[in-house]
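Listing of structure04.tsv; format and content: TSV, C-alpha atoms.
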chain	number	residue	atom	x	y	z
A	245	MET	CA	46.55	-8.17	-57.14
A	246	ALA	CA	46.08	-6.00	-54.04
A	247	THR	CA	48.25	-8.37	-51.99
A	248	ALA	CA	51.01	-8.32	-54.61
A	249	ILE	CA	50.96	-4.51	-54.75
A	250	THR	CA	51.08	-4.29	-50.95
A	251	GLN	CA	54.03	-6.69	-50.78
A	252	TYR	CA	55.84	-4.69	-53.47
A	253	VAL	CA	55.33	-1.44	-51.55
A	254	MET	CA	56.45	-3.11	-48.31
A	255	ALA	CA	59.66	-4.28	-50.00
A	256	GLN	CA	60.34	-0.74	-51.22
A	257	VAL	CA	59.79	0.72	-47.75
A	258	TYR	CA	61.86	-2.03	-46.11
A	259	SER	CA	64.84	-1.24	-48.33
A	260	ARG	CA	64.86	2.28	-46.83
A	261	PHE	CA	65.24	1.17	-43.21
A	262	ASP	CA	68.48	2.37	-41.74
A	263	GLY	CA	69.78	-1.05	-40.64
A	264	ARG	CA	70.27	-0.31	-36.95
A	265	ASP	CA	72.25	-2.60	-34.71
A	266	ARG	CA	70.21	-5.58	-33.63
A	267	ASN	CA	70.75	-5.50	-29.92
A	268	ARG	CA	67.24	-5.35	-28.47
A	269	GLY	CA	66.73	-9.11	-28.53
A	270	ARG	CA	65.54	-11.95	-30.75
A	271	VAL	CA	62.01	-12.35	-32.05
A	272	VAL	CA	60.17	-15.06	-33.96
A	273	ILE	CA	57.03	-13.90	-35.76
A	274	THR	CA	54.60	-16.50	-37.09
A	275	GLY	CA	51.08	-17.17	-38.17
A	276	ILE	CA	49.43	-20.25	-36.73
A	277	GLU	CA	48.81	-23.38	-38.73
A	278	GLY	CA	45.89	-22.74	-41.06
A	279	GLU	CA	46.42	-18.95	-41.05
A	280	LEU	CA	46.64	-17.58	-44.57
A	281	HIS	CA	46.89	-13.84	-43.91
A	282	GLN	CA	50.54	-12.84	-43.85
A	283	ILE	CA	50.83	-9.14	-44.59
A	284	GLY	CA	50.10	-7.86	-41.08
A	285	ALA	CA	52.60	-10.21	-39.44
A	286	ASN	CA	55.15	-9.35	-42.12
A	287	MET	CA	54.70	-5.64	-41.38
A	288	VAL	CA	55.17	-6.27	-37.66
A	289	ALA	CA	58.38	-8.21	-38.38
A	290	ASP	CA	59.68	-5.35	-40.52
A	291	VAL	CA	58.84	-2.71	-37.90
A	292	LEU	CA	60.51	-4.69	-35.12
A	293	GLU	CA	63.59	-5.22	-37.25
A	294	ALA	CA	63.73	-1.48	-37.97
A	295	ARG	CA	63.57	-0.87	-34.21
A	296	GLY	CA	66.64	-2.98	-33.58
A	297	TRP	CA	65.27	-6.49	-33.01
A	298	ASN	CA	66.82	-9.57	-34.61
A	299	VAL	CA	63.72	-11.01	-36.30
A	300	ARG	CA	62.99	-14.39	-37.84
A	301	PHE	CA	59.73	-14.17	-39.79
A	302	LEU	CA	58.31	-17.63	-40.43
A	303	GLY	CA	55.35	-16.58	-42.53
A	304	THR	CA	51.94	-18.10	-42.02
A	305	ASN	CA	50.40	-21.54	-41.90
A	306	VAL	CA	53.31	-22.84	-39.83
A	307	PRO	CA	52.84	-26.14	-37.95
A	308	GLN	CA	53.30	-25.91	-34.20
A	309	GLU	CA	56.42	-28.10	-34.23
A	310	GLY	CA	58.00	-25.81	-36.82
A	311	VAL	CA	57.38	-22.80	-34.61
A	312	LEU	CA	58.85	-24.55	-31.56
A	313	GLN	CA	61.92	-25.54	-33.55
A	314	ALA	CA	62.42	-21.98	-34.89
A	315	VAL	CA	62.08	-20.51	-31.38
A	316	GLU	CA	64.75	-22.88	-30.13
A	317	GLU	CA	67.11	-22.32	-33.07
A	318	HIS	CA	66.74	-18.53	-32.96
A	319	GLN	CA	66.92	-18.47	-29.14
A	320	ALA	CA	63.95	-16.12	-29.18
A	321	ASP	CA	63.24	-13.68	-26.37
A	322	VAL	CA	59.82	-12.93	-27.85
A	323	VAL	CA	57.38	-14.94	-29.97
A	324	GLY	CA	54.82	-13.02	-31.99
A	325	ILE	CA	51.76	-15.04	-32.97
A	326	SER	CA	49.31	-13.79	-35.58
A	327	ALA	CA	45.71	-14.88	-36.05
A	328	THR	CA	43.10	-13.22	-38.22
A	329	MET	CA	40.04	-15.40	-37.70
A	330	LEU	CA	38.43	-16.32	-34.38
A	331	LEU	CA	38.52	-19.95	-35.54
A	332	GLY	CA	42.31	-19.81	-35.10
A	333	ILE	CA	42.19	-18.94	-31.39
A	334	PRO	CA	42.31	-22.59	-30.19
A	335	LYS	CA	45.52	-23.10	-32.20
A	336	VAL	CA	47.00	-19.97	-30.63
A	337	VAL	CA	46.13	-21.30	-27.17
A	338	ARG	CA	47.73	-24.68	-27.98
A	339	LEU	CA	50.89	-22.99	-29.29
A	340	VAL	CA	51.21	-20.78	-26.21
A	341	GLU	CA	50.65	-23.80	-23.95
A	342	ALA	CA	53.29	-25.78	-25.88
A	343	LEU	CA	55.79	-22.91	-25.51
A	344	ARG	CA	55.10	-22.71	-21.76
A	345	ARG	CA	55.47	-26.50	-21.36
A	346	LYS	CA	58.74	-26.57	-23.28
A	347	TYR	CA	60.38	-23.51	-21.71
A	348	GLN	CA	58.58	-23.26	-18.36
A	349	ALA	CA	60.04	-20.31	-16.39
A	350	ALA	CA	62.37	-19.42	-19.29
A	351	CYS	CA	59.48	-19.10	-21.77
A	352	PRO	CA	59.92	-16.31	-24.31
A	353	ARG	CA	57.53	-13.40	-23.95
A	354	ILE	CA	54.42	-13.73	-26.10
A	355	LEU	CA	53.13	-10.96	-28.36
A	356	LEU	CA	49.74	-11.57	-29.97
A	357	GLY	CA	48.50	-9.83	-33.07
A	358	GLY	CA	45.83	-9.88	-35.69
A	359	ARG	CA	42.16	-9.24	-36.06
A	360	ALA	CA	41.14	-12.20	-33.87
A	361	PHE	CA	42.50	-10.51	-30.75
A	362	ILE	CA	40.59	-7.26	-31.20
A	363	SER	CA	37.38	-9.04	-30.25
A	364	THR	CA	38.98	-11.18	-27.51
A	365	PRO	CA	40.95	-8.73	-25.30
A	366	ALA	CA	40.60	-10.89	-22.18
A	367	LEU	CA	42.46	-13.71	-23.94
A	368	VAL	CA	45.63	-11.64	-24.10
A	369	GLN	CA	45.77	-11.39	-20.31
A	370	GLU	CA	44.60	-14.97	-19.84
A	371	LEU	CA	47.47	-16.27	-21.99
A	372	GLY	CA	49.98	-14.10	-20.14
A	373	ALA	CA	51.03	-12.24	-23.28
A	374	VAL	CA	53.20	-9.12	-22.98
A	375	GLY	CA	50.77	-7.40	-25.28
A	376	VAL	CA	48.61	-7.39	-28.32
A	377	ALA	CA	49.33	-5.56	-31.54
A	378	PRO	CA	46.03	-4.84	-33.26
A	379	ASP	CA	47.90	-2.38	-35.52
A	380	LEU	CA	51.46	-1.29	-36.30
A	381	ARG	CA	51.41	1.64	-33.88
A	382	SER	CA	50.88	-0.82	-31.04
A	383	VAL	CA	54.03	-2.83	-31.73
A	384	CYS	CA	56.01	-1.40	-28.86
A	385	PHE	CA	57.13	-3.59	-26.01
A	386	ARG	CA	60.44	-3.73	-24.19

Representation of the structure as structure tokens:
Amino acid sequence: MATAITQYVMAQVYSRFDGRDRNRGRVVITGIEGELHQIGANMVADVLEARGWNVRFLGTNVPQEGVLQAVEEHQADVVGISATMLLGIPKVVRLVEALRRKYQAACPRILLGGRAFISTPALVQELGAVGVAPDLRSVCFR
């Protein structure tokens, strides 16, 4: 019930965004395969969209191939990857490695978010991410 109430409130807040031009770039936000917590990533997607980004929110529990396909189709400049549990970190690493293999020097910037990254700050730098968003106030990159 708490999740449903939160999603309802988020929808009400989202409808009040001013609909700015989307000229800051393209973003894909996703949870890794096996991730079941969606609200945080959904909030990040909404905030980025309100700040002028063209966002494609994939939801959670998305297979790696689905993420790669969405990044290509959306021509993403940034990929936001959410993970709540530490058990999901290996899947995050594999997804980042797959993005780097596929795009090499033209790889979209990586933004990491979720509870798993609060306790693994060195991983953010190790993966070459542009940042980590442990909360909504931190979702500010250029």

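Compared by their closest atoms to A:Ala320, and using only C-alpha atoms, the residues A:Leu356, A:Ala366, A:Val299, A:Ile283 rank with A:Val299 nearest.
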
If we count all atoms listed in the file, what is near A:Pro352 at a cut-off of 7 Å, once residues fewer than 5 positions away on the same chain are taken out, given as an MDAnalysis selection string?
chainID A and resid 320:323

Quick one: residues within 12 Å of A:Arg344, only C-alpha atoms, excluding same-chain residues fewer than 3 positions away - as a PyMOL selection string?
chain A and resi 312+323+337-341+347-354+371-373

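Taking atom CA of A:Gly275 as the reference point, atom CA of A:Lys335 is found at 10.1 Å.
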
Within 9 Å of A:Gly332, counting all atoms listed in the file, which residues qualify if same-chain residues fewer than 4 places away don't, as JSON, numbers by chain?
{"A": [276, 277, 278, 279, 327, 328, 336, 337, 360]}

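Taking atom CA of A:Leu367 and atom CA of A:Ile325 as the two end points, the separation is 13.0 Å.
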
Using all atoms listed in the file, determine which residues lie at most 10 Å from A:Gly324, disregarding the query and same-chain residues fewer than 6 positions distant; provide the list as a list of chain:residue names.
A:Val271, A:Val272, A:Ile273, A:Thr274, A:Gly275, A:Ala285, A:Val288, A:Ala289, A:Phe301, A:Pro352, A:Arg353, A:Ile354, A:Leu355, A:Leu356, A:Gly357, A:Ala373, A:Val374, A:Gly375, A:Val376, A:Ala377

How far is it from atom CA of A:Ala314 to atom CA of A:Leu292, in Å with one decimal?
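Straight-line distance from atom CA of A:Ala314 to atom CA of A:Leu292 works out to 17.4 Å.
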
For A:Glu309, which residue among A:Leu331, A:Leu343, A:Leu280, A:Ala255 is the nearest when counting only C-alpha atoms?
A:Leu343

Residue list as an NGL selection string for point (44.3, -9.1, -50.6), cut-off 12 Å, all atoms listed in the file
:A and (245-251 or 280-284)

Pick from A:Ala342, A:Met287, A:Ala294, A:Ile333, whichever lies nearest to A:Gln308 using all atoms listed in the file
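Closest candidate: A:Ala342.
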
A:Asn286, A:Trp297, A:Arg270, A:Met254 ranked by distance to A:Glu316, top pick (using only C-alpha atoms):
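Smallest separation from A:Glu316 among the options: A:Arg270.
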
From the options A:Gln313, A:Gln256, A:Asn267, A:Gln319, which residue's atoms come nearest to A:Asn298, counting all atoms listed in the file?
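Answer, going by the shortest atom-to-atom distance: A:Asn267.
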